[in-house]
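Text of protein_6.cif, listed as mmCIF, C-alpha atoms and all ligand atoms:
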data_target
loop_
_atom_site.label_atom_id
_atom_site.label_comp_id
_atom_site.auth_asym_id
_atom_site.auth_seq_id
_atom_site.Cartn_x
_atom_site.Cartn_y
_atom_site.Cartn_z
CA MET W 1 4.15 -20.43 29.95
CA LYS W 2 3.92 -16.77 30.82
CA PRO W 3 7.03 -14.81 29.85
CA THR W 4 8.78 -13.18 32.80
CA ARG W 5 10.86 -10.04 33.02
CA SER W 6 14.11 -11.99 32.86
CA ASP W 7 13.07 -13.68 29.60
CA PHE W 8 13.09 -10.28 28.00
CA SER W 9 16.30 -8.99 29.48
CA ALA W 10 18.20 -12.27 29.03
CA GLY W 11 20.53 -12.29 26.05
CA VAL W 12 20.82 -8.52 25.89
CA SER W 13 24.40 -9.20 26.85
CA GLY W 14 25.75 -6.86 29.41
CA SER W 15 23.79 -3.79 28.49
CA ASP W 16 22.36 -2.34 31.66
CA ARG W 17 20.38 0.13 29.68
CA GLU W 18 18.64 -2.64 27.76
CA ARG W 19 17.96 -4.53 30.94
CA ASN W 20 16.39 -1.46 32.51
CA ARG W 21 14.27 -0.92 29.46
CA ALA W 22 13.04 -4.49 29.68
CA ASP W 23 12.16 -3.89 33.31
CA ALA W 24 10.29 -0.76 32.39
CA PHE W 25 8.31 -2.65 29.74
CA ALA W 26 7.03 -5.26 32.17
CA PRO W 27 3.36 -4.51 32.72
CA ALA W 28 2.30 -2.90 35.96
CA VAL W 29 -0.08 -4.73 38.28
CA LEU W 30 -2.57 -1.89 38.20
CA SER W 31 -3.44 0.58 35.44
CA VAL W 32 -5.31 3.68 36.50
CA VAL W 33 -7.22 5.04 33.51
CA LEU W 34 -7.72 8.81 33.68
CA PRO W 35 -10.07 10.24 31.04
CA THR W 36 -9.40 13.94 30.61
CA TYR W 37 -11.04 16.84 28.88
CA ASN W 38 -9.67 20.22 30.02
CA GLU W 39 -8.13 19.07 33.29
CA ARG W 40 -4.83 20.92 33.02
CA ASP W 41 -4.90 22.25 36.57
CA ASN W 42 -6.04 18.98 38.13
CA LEU W 43 -3.83 16.37 36.46
CA PRO W 44 -0.46 17.16 38.11
CA VAL W 45 -2.08 17.29 41.55
CA LEU W 46 -3.83 13.99 40.95
CA LEU W 47 -0.63 12.26 39.84
CA GLU W 48 1.11 13.38 43.01
CA ARG W 49 -1.74 12.13 45.15
CA LEU W 50 -1.72 8.79 43.32
CA GLU W 51 2.00 8.44 44.01
CA THR W 52 1.29 8.76 47.72
CA ALA W 53 -1.87 6.65 47.77
CA LEU W 54 -0.36 3.80 45.75
CA ALA W 55 3.03 3.61 47.45
CA GLY W 56 4.30 0.03 47.35
CA ILE W 57 2.06 -0.96 44.42
CA ASP W 58 3.40 -1.45 40.89
CA TRP W 59 1.03 0.90 39.06
CA GLU W 60 0.82 3.03 35.94
CA ALA W 61 -1.50 5.82 34.85
CA ILE W 62 -3.05 5.94 31.37
CA VAL W 63 -4.32 9.39 30.50
CA VAL W 64 -6.88 9.34 27.68
CA ASP W 65 -7.21 12.87 26.42
CA ASP W 66 -9.68 13.91 23.74
CA ASN W 67 -7.43 16.63 22.37
CA SER W 68 -8.37 19.08 25.13
CA PRO W 69 -8.17 22.69 23.95
CA ASP W 70 -6.58 23.71 27.27
CA GLY W 71 -3.51 21.59 26.47
CA THR W 72 -4.06 18.81 29.03
CA GLY W 73 -2.65 16.34 26.51
CA GLU W 74 0.61 18.24 25.94
CA LEU W 75 1.01 18.71 29.67
CA ALA W 76 0.46 14.99 30.24
CA ARG W 77 3.15 14.19 27.69
CA GLU W 78 5.58 16.60 29.35
CA LEU W 79 4.86 14.96 32.68
CA ALA W 80 5.45 11.55 31.12
CA HIS W 81 9.03 12.61 30.40
CA ILE W 82 9.77 12.86 34.08
CA ASN W 83 7.26 10.26 35.31
CA PRO W 84 7.79 6.77 33.86
CA ARG W 85 4.47 5.62 35.32
CA LEU W 86 2.55 7.83 32.95
CA ARG W 87 1.29 6.95 29.47
CA VAL W 88 -0.84 9.16 27.26
CA ILE W 89 -3.41 8.35 24.61
CA ARG W 90 -4.46 11.31 22.50
CA ARG W 91 -7.72 10.94 20.61
CA VAL W 92 -8.38 13.33 17.77
CA GLY W 93 -11.82 14.03 16.31
CA ARG W 94 -13.57 12.01 18.98
CA ARG W 95 -15.30 12.90 22.19
CA GLY W 96 -16.95 10.90 24.91
CA LEU W 97 -16.22 9.62 28.37
CA SER W 98 -17.24 5.98 27.87
CA GLY W 99 -15.24 5.59 24.69
CA ALA W 100 -12.19 7.15 26.33
CA CYS W 101 -12.48 4.76 29.30
CA VAL W 102 -12.84 1.70 27.06
CA GLU W 103 -9.80 2.69 25.01
CA GLY W 104 -7.77 3.35 28.13
CA MET W 105 -8.70 0.02 29.68
CA LEU W 106 -7.89 -1.84 26.47
CA ALA W 107 -4.48 -0.19 26.35
CA SER W 108 -3.61 -1.83 29.65
CA SER W 109 -1.72 -5.09 30.08
CA ALA W 110 -2.01 -5.08 33.86
CA ASP W 111 -4.06 -7.60 35.80
CA TYR W 112 -6.27 -4.88 37.24
CA VAL W 113 -7.63 -1.67 35.74
CA ALA W 114 -9.18 1.25 37.57
CA VAL W 115 -11.15 4.09 36.04
CA MET W 116 -11.37 7.38 37.87
CA ASP W 117 -12.16 11.01 37.10
CA ALA W 118 -9.12 13.22 36.71
CA ASP W 119 -10.74 16.22 38.40
CA LEU W 120 -9.93 15.21 42.00
CA GLN W 121 -13.59 14.47 42.81
CA HIS W 122 -12.77 10.81 43.35
CA ASP W 123 -10.96 9.73 46.51
CA GLU W 124 -7.70 8.10 45.38
CA THR W 125 -7.04 6.67 48.86
CA LEU W 126 -9.74 4.10 48.08
CA LEU W 127 -7.64 2.49 45.32
CA PRO W 128 -5.52 0.18 47.55
CA ARG W 129 -8.68 -1.18 49.17
CA MET W 130 -10.29 -1.74 45.78
CA LEU W 131 -7.16 -3.61 44.71
CA ALA W 132 -7.24 -5.75 47.85
CA ALA W 133 -10.90 -6.58 47.17
CA LEU W 134 -10.01 -7.85 43.68
CA SER W 135 -6.75 -9.63 44.47
CA GLY W 136 -8.27 -11.35 47.47
CA ALA W 137 -5.73 -9.75 49.81
CA ASP W 138 -8.63 -8.75 52.04
CA ASN W 139 -9.38 -12.47 52.53
CA LYS W 140 -12.87 -12.18 51.09
CA GLY W 141 -12.28 -14.41 48.11
CA GLY W 142 -11.47 -11.86 45.40
CA ALA W 143 -14.13 -9.97 43.44
CA ASP W 144 -14.16 -9.17 39.69
CA LEU W 145 -15.32 -5.61 40.09
CA ALA W 146 -15.00 -3.10 42.91
CA VAL W 147 -17.27 -0.09 42.72
CA ALA W 148 -16.75 3.11 44.68
CA SER W 149 -20.26 3.95 45.78
CA ARG W 150 -21.71 7.16 47.14
CA HIS W 151 -24.80 5.33 48.34
CA VAL W 152 -23.63 2.54 50.63
CA GLU W 153 -23.12 3.03 54.36
CA GLY W 154 -20.27 5.50 54.79
CA GLY W 155 -20.43 6.93 51.28
CA ALA W 156 -21.82 10.35 50.39
CA VAL W 157 -22.33 12.79 47.59
CA GLY W 158 -20.75 15.51 49.73
CA GLU W 159 -20.51 18.81 47.90
CA GLY W 160 -20.01 17.09 44.58
CA LEU W 161 -23.51 17.28 43.04
CA SER W 162 -26.07 20.02 42.62
CA GLY W 163 -29.65 19.38 43.84
CA VAL W 164 -30.99 18.79 40.32
CA ARG W 165 -28.14 16.45 39.48
CA ALA W 166 -28.66 14.53 42.72
CA SER W 167 -32.36 13.87 42.09
CA GLY W 168 -31.69 13.03 38.44
CA SER W 169 -29.07 10.57 39.58
CA GLY W 170 -31.58 8.99 41.99
CA LEU W 171 -34.12 8.52 39.21
CA ALA W 172 -31.49 7.03 36.92
CA ASN W 173 -30.55 4.54 39.64
CA ARG W 174 -34.13 3.36 39.96
CA LEU W 175 -34.54 3.01 36.20
CA ALA W 176 -31.33 0.98 35.99
CA ARG W 177 -32.52 -1.31 38.73
CA THR W 178 -35.97 -1.81 37.24
CA PHE W 179 -35.09 -2.21 33.60
CA LEU W 180 -31.59 -3.59 33.57
CA LYS W 181 -31.76 -5.59 36.81
CA VAL W 182 -28.55 -3.95 37.86
CA GLU W 183 -28.39 -4.39 41.62
CA LEU W 184 -25.89 -1.68 42.42
CA SER W 185 -26.36 1.10 44.93
CA ASP W 186 -24.54 3.52 42.62
CA PRO W 187 -24.57 2.36 38.98
CA MET W 188 -23.75 5.89 37.80
CA SER W 189 -20.44 5.94 39.62
CA GLY W 190 -17.50 6.77 37.40
CA PHE W 191 -15.03 5.23 39.86
CA PHE W 192 -14.33 1.51 39.83
CA MET W 193 -11.68 -1.20 39.45
CA ILE W 194 -12.05 -4.38 37.41
CA ARG W 195 -10.03 -7.40 36.34
CA ARG W 196 -8.61 -6.66 32.91
CA ALA W 197 -9.60 -10.12 31.67
CA GLU W 198 -13.24 -9.18 32.26
CA VAL W 199 -12.84 -5.97 30.29
CA GLU W 200 -11.36 -7.94 27.39
CA ARG W 201 -14.31 -10.32 27.52
CA LEU W 202 -16.98 -7.61 27.65
CA ALA W 203 -15.34 -5.03 25.37
CA PRO W 204 -17.20 -6.04 22.18
CA LYS W 205 -20.53 -5.36 23.93
CA LEU W 206 -19.64 -1.96 25.34
CA SER W 207 -20.90 1.24 23.83
CA SER W 208 -18.43 4.05 23.28
CA GLN W 209 -21.16 6.65 23.50
CA GLY W 210 -22.32 8.33 26.65
CA PHE W 211 -21.10 8.54 30.22
CA LYS W 212 -22.41 5.39 31.82
CA ILE W 213 -19.51 3.03 31.37
CA LEU W 214 -19.97 1.20 34.68
CA LEU W 215 -23.67 0.63 34.10
CA ASP W 216 -22.86 -0.62 30.62
CA ILE W 217 -20.25 -3.06 31.96
CA VAL W 218 -22.53 -4.46 34.65
CA ALA W 219 -25.58 -4.69 32.36
CA SER W 220 -23.53 -6.34 29.60
CA ALA W 221 -22.08 -8.88 32.06
CA ARG W 222 -25.60 -10.08 32.89
CA GLY W 223 -24.86 -11.10 36.44
CA SER W 224 -21.57 -12.84 35.68
CA LEU W 225 -19.42 -10.52 37.78
CA ARG W 226 -18.68 -10.81 41.50
CA ILE W 227 -19.12 -7.21 42.64
CA VAL W 228 -18.17 -5.43 45.85
CA GLU W 229 -19.13 -1.89 46.70
CA LEU W 230 -16.93 0.36 48.78
CA PRO W 231 -18.12 3.67 50.21
CA PHE W 232 -16.56 6.97 49.23
CA VAL W 233 -17.41 10.65 49.46
CA PHE W 234 -17.78 12.47 46.12
CA ARG W 235 -15.71 15.63 46.47
CA GLU W 236 -16.36 19.07 45.11
CA ARG W 237 -14.64 20.13 41.90
CA LEU W 238 -12.07 22.88 42.45
CA HIS W 239 -10.67 23.61 38.97
CA GLY W 240 -12.42 23.54 35.62
CA GLU W 241 -16.02 22.53 35.06
CA SER W 242 -18.20 19.45 34.62
CA LYS W 243 -18.74 18.25 31.05
CA LEU W 244 -21.93 16.43 31.91
CA ASP W 245 -24.94 18.29 30.58
CA THR W 246 -28.63 17.58 30.24
CA LEU W 247 -27.99 15.57 27.10
CA VAL W 248 -26.49 12.92 29.34
CA ALA W 249 -30.04 12.02 30.39
CA LEU W 250 -30.76 11.17 26.75
CA ASP W 251 -27.65 9.03 26.53
CA PHE W 252 -28.81 7.18 29.58
CA LEU W 253 -32.27 6.50 28.12
CA GLY W 254 -30.58 5.32 24.95
CA LEU W 255 -28.38 2.92 26.91
CA ILE W 256 -31.39 1.45 28.76
CA LEU W 257 -33.31 1.01 25.50
CA SER W 258 -30.44 -0.55 23.62
CA LYS W 259 -29.62 -2.96 26.46
CA LEU W 260 -33.32 -3.91 26.62
CA ALA W 261 -33.26 -4.54 22.88
CA GLY W 262 -30.50 -7.07 23.60
CA ASP W 263 -27.66 -5.14 21.99
CA LEU W 264 -29.22 -5.66 18.58
CA VAL W 265 -29.48 -1.97 17.87
CA SER W 266 -26.99 0.69 18.78
CA ILE W 267 -27.72 3.72 20.92
CA ARG W 268 -26.93 5.84 17.90
CA PHE W 269 -29.57 4.11 15.82
CA LEU W 270 -32.18 4.56 18.57
CA MET W 271 -31.31 8.20 18.88
CA PHE W 272 -31.60 8.58 15.11
CA MET W 273 -35.06 6.97 15.26
CA MET W 274 -36.19 9.26 18.10
CA VAL W 275 -35.07 12.26 16.05
CA GLY W 276 -36.91 10.80 13.05
CA ALA W 277 -40.09 10.53 15.11
CA SER W 278 -39.75 14.14 16.17
CA GLY W 279 -39.40 15.01 12.47
CA VAL W 280 -42.83 13.54 11.77
CA VAL W 281 -44.32 15.84 14.42
CA VAL W 282 -42.50 18.86 12.97
CA HIS W 283 -43.66 17.93 9.48
CA MET W 284 -47.31 17.68 10.47
CA ALA W 285 -47.17 20.92 12.48
CA VAL W 286 -45.73 22.87 9.54
CA LEU W 287 -48.11 21.25 7.07
CA PHE W 288 -51.21 22.13 9.10
CA THR W 289 -50.01 25.64 9.92
CA LEU W 290 -49.35 26.44 6.27
CA THR W 291 -52.52 24.91 4.82
CA GLU W 292 -54.94 25.88 7.61
CA LEU W 293 -53.63 29.24 8.79
CA PHE W 294 -52.01 30.59 5.65
CA ALA W 295 -54.06 28.81 2.97
CA VAL W 296 -50.89 27.67 1.20
CA PRO W 297 -51.69 25.11 -1.57
CA PHE W 298 -51.11 21.50 -0.44
CA THR W 299 -48.15 20.62 -2.68
CA ALA W 300 -46.24 23.76 -1.75
CA ALA W 301 -47.06 23.24 1.95
CA GLN W 302 -46.02 19.59 1.82
CA THR W 303 -42.73 20.49 0.14
CA SER W 304 -41.96 23.19 2.70
CA ALA W 305 -42.91 20.88 5.58
CA THR W 306 -40.55 18.23 4.19
CA PHE W 307 -37.65 20.66 4.07
CA VAL W 308 -38.33 22.06 7.53
CA ALA W 309 -38.53 18.52 8.97
CA MET W 310 -35.34 17.41 7.20
CA THR W 311 -33.56 20.52 8.45
CA SER W 312 -34.70 20.02 12.03
CA ASN W 313 -33.75 16.33 11.83
CA PHE W 314 -30.32 17.29 10.59
CA TRP W 315 -29.88 19.84 13.34
CA LEU W 316 -31.03 17.46 16.09
CA ASN W 317 -28.93 14.57 14.79
CA ASN W 318 -25.96 16.87 14.60
CA ARG W 319 -26.52 17.99 18.21
CA LEU W 320 -27.53 14.65 19.73
CA THR W 321 -26.99 11.53 17.66
CA TYR W 322 -23.65 12.63 16.26
CA ARG W 323 -22.56 15.15 18.84
CA ASP W 324 -19.21 13.40 19.07
CA ARG W 325 -18.74 14.18 15.36
CA ARG W 326 -20.62 17.47 15.29
CA LEU W 327 -20.30 19.39 12.03
CA LYS W 328 -19.72 23.12 12.30
CA GLY W 329 -19.59 26.07 9.90
CA LEU W 330 -19.07 25.13 6.27
CA ALA W 331 -18.88 21.44 7.10
CA ALA W 332 -22.37 21.74 8.62
CA LEU W 333 -23.72 23.32 5.42
CA ARG W 334 -22.15 20.58 3.35
CA GLY W 335 -23.59 18.06 5.79
CA LEU W 336 -27.06 19.52 5.49
CA LEU W 337 -26.95 19.25 1.70
CA THR W 338 -25.80 15.62 1.78
CA PHE W 339 -28.50 14.93 4.36
CA TYR W 340 -31.16 16.31 1.97
CA LEU W 341 -29.72 14.08 -0.71
CA VAL W 342 -29.72 11.01 1.51
CA CYS W 343 -33.30 11.67 2.63
CA SER W 344 -34.63 12.05 -0.91
CA PHE W 345 -33.29 8.60 -1.76
CA GLY W 346 -34.81 7.49 1.54
CA VAL W 347 -38.21 8.53 0.23
CA LEU W 348 -37.62 6.45 -2.92
CA ALA W 349 -36.66 3.42 -0.82
CA ASN W 350 -39.69 3.97 1.37
CA VAL W 351 -42.21 4.30 -1.47
CA GLY W 352 -40.52 1.52 -3.48
CA VAL W 353 -40.76 -1.07 -0.71
CA ALA W 354 -44.28 -0.02 0.26
CA THR W 355 -45.55 -0.34 -3.34
CA MET W 356 -43.88 -3.73 -3.72
CA ILE W 357 -45.86 -5.05 -0.75
CA TYR W 358 -49.11 -3.25 -1.40
CA ARG W 359 -51.90 -4.90 -3.44
CA GLU W 360 -55.19 -3.22 -4.27
CA ASP W 361 -57.28 -6.08 -2.84
CA GLY W 362 -55.17 -6.27 0.35
CA GLY W 363 -57.37 -4.34 2.79
CA PRO W 364 -56.35 -2.09 5.68
CA LEU W 365 -53.98 -4.58 7.33
CA LEU W 366 -51.84 -4.83 4.20
CA ILE W 367 -51.87 -1.06 3.84
CA GLY W 368 -50.55 -0.85 7.38
CA ILE W 369 -47.84 -3.47 6.77
CA ALA W 370 -46.80 -1.90 3.47
CA GLY W 371 -46.70 1.60 4.96
CA ALA W 372 -44.70 0.49 8.00
CA ALA W 373 -42.26 -1.59 5.96
CA GLY W 374 -41.69 1.40 3.69
CA ALA W 375 -41.08 3.72 6.64
CA VAL W 376 -38.64 1.27 8.26
CA MET W 377 -36.80 0.81 4.97
CA GLY W 378 -36.54 4.58 4.53
CA ALA W 379 -35.33 5.07 8.10
CA VAL W 380 -32.70 2.33 7.87
CA TRP W 381 -31.50 3.72 4.56
CA ASN W 382 -31.31 7.26 5.96
CA TYR W 383 -29.38 6.02 8.96
CA ALA W 384 -26.93 3.90 7.00
CA ALA W 385 -26.35 6.43 4.22
CA SER W 386 -26.06 9.50 6.43
CA SER W 387 -23.55 7.75 8.67
CA VAL W 388 -21.29 7.34 5.65
CA LEU W 389 -22.04 10.52 3.72
CA THR W 390 -23.00 13.15 6.26
CA TRP W 391 -21.35 12.22 9.54
CA ARG W 392 -18.50 10.10 8.24
CA LYS W 393 -15.66 9.49 10.64
CA ALA W 394 -12.93 12.10 10.53
N1 LIG I 1 -11.36 11.86 27.32
C1 LIG I 1 -12.49 12.44 27.74
N2 LIG I 1 -13.45 12.74 26.82
N3 LIG I 1 -12.67 12.69 29.05
C2 LIG I 1 -13.83 13.29 29.43
C3 LIG I 1 -14.85 13.64 28.53
C4 LIG I 1 -14.64 13.35 27.15
O1 LIG I 1 -15.46 13.62 26.28
N4 LIG I 1 -15.86 14.21 29.24
C5 LIG I 1 -15.46 14.21 30.53
N5 LIG I 1 -14.23 13.68 30.65
C6 LIG I 1 -13.43 13.49 31.88
C7 LIG I 1 -13.25 14.74 32.69
O2 LIG I 1 -12.12 15.47 32.30
C8 LIG I 1 -13.10 14.17 34.10
O3 LIG I 1 -11.80 13.73 34.33
C9 LIG I 1 -14.03 12.97 34.06
O4 LIG I 1 -14.15 12.59 32.70
C10 LIG I 1 -15.43 13.28 34.67
O5 LIG I 1 -16.02 14.32 33.94
P1 LIG I 1 -16.85 15.47 34.67
O6 LIG I 1 -17.29 16.40 33.60
O7 LIG I 1 -16.10 16.03 35.82
O8 LIG I 1 -18.10 14.64 35.17
P2 LIG I 1 -18.99 14.90 36.46
O9 LIG I 1 -18.16 15.20 37.66
O10 LIG I 1 -20.05 15.86 36.10
O11 LIG I 1 -19.64 13.44 36.62
C11 LIG I 1 -19.00 12.43 37.35
O12 LIG I 1 -19.91 11.93 38.26
C12 LIG I 1 -21.04 11.27 37.69
C13 LIG I 1 -21.95 10.82 38.77
O13 LIG I 1 -22.60 11.86 39.35
C14 LIG I 1 -18.51 11.29 36.44
O14 LIG I 1 -17.74 10.39 37.21
C15 LIG I 1 -19.64 10.51 35.80
O15 LIG I 1 -19.11 9.35 35.15
C16 LIG I 1 -20.57 10.07 36.91
O16 LIG I 1 -21.69 9.42 36.32
MN MN I 2 -16.31 15.84 37.85
#

Would you mind giving the structure from this file in structure tokens?
Amino acid sequence: MKPTRSDFSAGVSGSDRERNRADAFAPAVLSVVLPTYNERDNLPVLLERLETALAGIDWEAIVVDDNSPDGTGELARELAHINPRLRVIRRVGRRGLSGACVEGMLASSADYVAVMDADLQHDETLLPRMLAALSGADNKGGADLAVASRHVEGGAVGEGLSGVRASGSGLANRLARTFLKVELSDPMSGFFMIRRAEVERLAPKLSSQGFKILLDIVASARGSLRIVELPFVFRERLHGESKLDTLVALDFLGLILSKLAGDLVSIRFLMFMMVGASGVVVHMAVLFTLTELFAVPFTAAQTSATFVAMTSNFWLNNRLTYRDRRLKGLAALRGLLTFYLVCSFGVLANVGVATMIYREDGGPLLIGIAGAAGAVMGAVWNYAASSVLTWRKA
């Protein structure tokens, strides 16, 4: 049997204070997860607007702040002293919208969880209708997921997106539809409400990297969610700036690839492999330039090319693959050295495996298999070892 509020307050003989505390601990019906990174000017305004929009609903807000340098986290905590609806999660040494949303949702005990941007671009007056769509109060049977869409009748991008962003977003939508079979008019929306039970079920499949949490949820659910889309107009940002940059496009590609690969490989691993492939190109370019243009002897050229490629791989991985754990200053130098170390063992693993498979009478096919197996072994080793040695978790 589900415990009720009175079960908790019963037996706390006569203490009103205790009884009130028990009341306060009872979970809200709706948790609104607000990921924040430098939203100091927007957060208080948003909380006020939520208070108005959600009047009559038992709700709470969960701010998930990635240690914003502008002090959004401290401000949120101060606000929580005067606003019992507010809870704050502070994440240190981590960055990323999807991860923040997942953590916020998993911190909820409410029946329904909403995720919305904290920068006032999302229309909070839509929340009660989203809730009605999930609870069945709108007499349409109760959905599992309500998505605020800019692309259904009545919705619009308004002033919220630049021209480049808008066309990029259109392309991403088509890719999602083609490759992931996600039939949503706006899979990139960052504004939705879902039954918490569904989040609990899907959580192990969700990636914490990137921005595309909704797309990830819908793709991971593989058609098992009843979805409704509600129109809204994406507003212009007034304070602060967007944290979405061009790298987000890469994240998105990574998400598509990893979902296609059936969740077997992580986005991080795919990114690491893409960087590795770019390293091969760098290596060959340096090798040919040195030997052909500057007549450098082969061994010296090959050694230089190896170091240039390792360095560019390190730099790219530090910027892309591990940008949530990016090493800076002295830590970056230390990281580079450990990366060299890791890669030199990677070469040993590569050559070792390849020689084990290779036989002199094997012919070209076996050479191919041996070479590829060696390369894969080296790559997997580099990935595994560098994740522990170079970009270990803070
Ligand atoms: N905790 C945390 N960590 N929050 C973050 C991070 C992060 O690394 N990056 C961004 N946020 C928060 C911001 O503070 C804001 O509240 C919200 O996430 C959205 O970030 P913006 O930087 O304002 O994103 P946007 O407006 O460019 O993009 C929005 O629209 C896109 C569709 O065009 C987001 O809703 C995207 O999810 C959406 O795809
Ligand atoms: Mn925004």

Counting all atoms listed in the file, what residues are within 9 Å of ligand LIG 1 (chain I), given as a PyMOL selection string?
chain W and resi 34-39+42-43+63-68+90-91+94-101+116-122+157+160-161+165-166+169+186-191+210-214+234+236-237+240-245+324

Among the residues W:Leu389, W:Ile369, W:Leu290, W:Ala285, the one that comes closest to Leu337 (chain W) [using all atoms listed in the file]:
W:Leu389

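Distances here use all atoms listed in the file; by that measure, the residue among W:Arg235, W:Lys259, W:Arg174, W:Arg334 closest to ligand MN 2 (chain I) is W:Arg235.
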
Provide the CA of Ala61 (chain W) to CA of Pro44 (chain W) distance in Å, to one decimal place.
11.8 Å

Box for region 85-95 of chain W: with edges along x, y and z, all listed atoms inside and 4 Å added on each side, what are the centre and edge lengths in Å to one decimal, as JSON?
{"center_x": -5.4, "center_y": 9.8, "center_z": 25.8, "size_x": 27.8, "size_y": 16.4, "size_z": 27.0}

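The nearest approach to Gly73 (chain W) among the residues W:Val182, W:Leu54, W:Thr390, W:Arg40, with only C-alpha atoms taken into account, belongs to W:Arg40.
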
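For the choices W:Tyr112, W:Thr311, W:Leu320, W:Pro204, the atom-to-atom distance to Leu341 (chain W) is smallest for W:Thr311 when using all atoms listed in the file.
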
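Between CA of Gly56 (chain W) and CA of Pro27 (chain W) the interatomic distance comes to 15.3 Å.
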
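In this comparison, which uses all atoms listed in the file, the residue of W:Asp111, W:Asp123, W:Asp251, W:Glu183 approaching ligand MN 2 (chain I) most closely is W:Asp123.
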
Please provide the set of residues having any atom within 7 Å of Ile62 (chain W), restricted to all atoms listed in the file, with same-chain residues fewer than 6 positions apart removed, written as a PyMOL selection string.
chain W and resi 31-34+86-88+104

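Proximity ranking of W:Leu333, W:Ala373, W:Leu106, W:Leu238 relative to ligand MN 2 (chain I) places W:Leu238 first, based on all atoms listed in the file.
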
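Picture a line from CA of Phe307 (chain W) to CA of Gly93 (chain W); it runs 29.3 Å.
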
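Residues with any atom within 10 Å of region 348-357 of chain W, counting all atoms listed in the file and excluding same-chain neighbours fewer than 6 positions away, are Leu366, Ile367, Gly368, Ile369, Ala370, Gly371, Ala372, Ala373, Gly374, Ala375, Val376, Met377, Gly378, Ala379, Val380, Trp381 and Asn382 of chain W.
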
List the spatial neighbours of Ala156 (chain W) as a CSV table (one decimal) with C-alpha atoms, keeping the file's coordinate frame - criterion: any atom at most 8 Å away, only C-alpha atoms, same-chain residues fewer than 2 positions off excluded.
chain,number,residue,atom,x,y,z
W,150,ARG,CA,-21.7,7.2,47.1
W,151,HIS,CA,-24.8,5.3,48.3
W,154,GLY,CA,-20.3,5.5,54.8
W,158,GLY,CA,-20.8,15.5,49.7
W,231,PRO,CA,-18.1,3.7,50.2
W,232,PHE,CA,-16.6,7.0,49.2
W,233,VAL,CA,-17.4,10.6,49.5
W,234,PHE,CA,-17.8,12.5,46.1

Could you name the residues that touch region 266-283 of chain W at 6 Å or less, counting only C-alpha atoms, but leaving out those on the same chain fewer than 5 positions away, as a list in words?
Gly254, Ser258, Ala305, Ala309, Asn313 and Thr321 of chain W
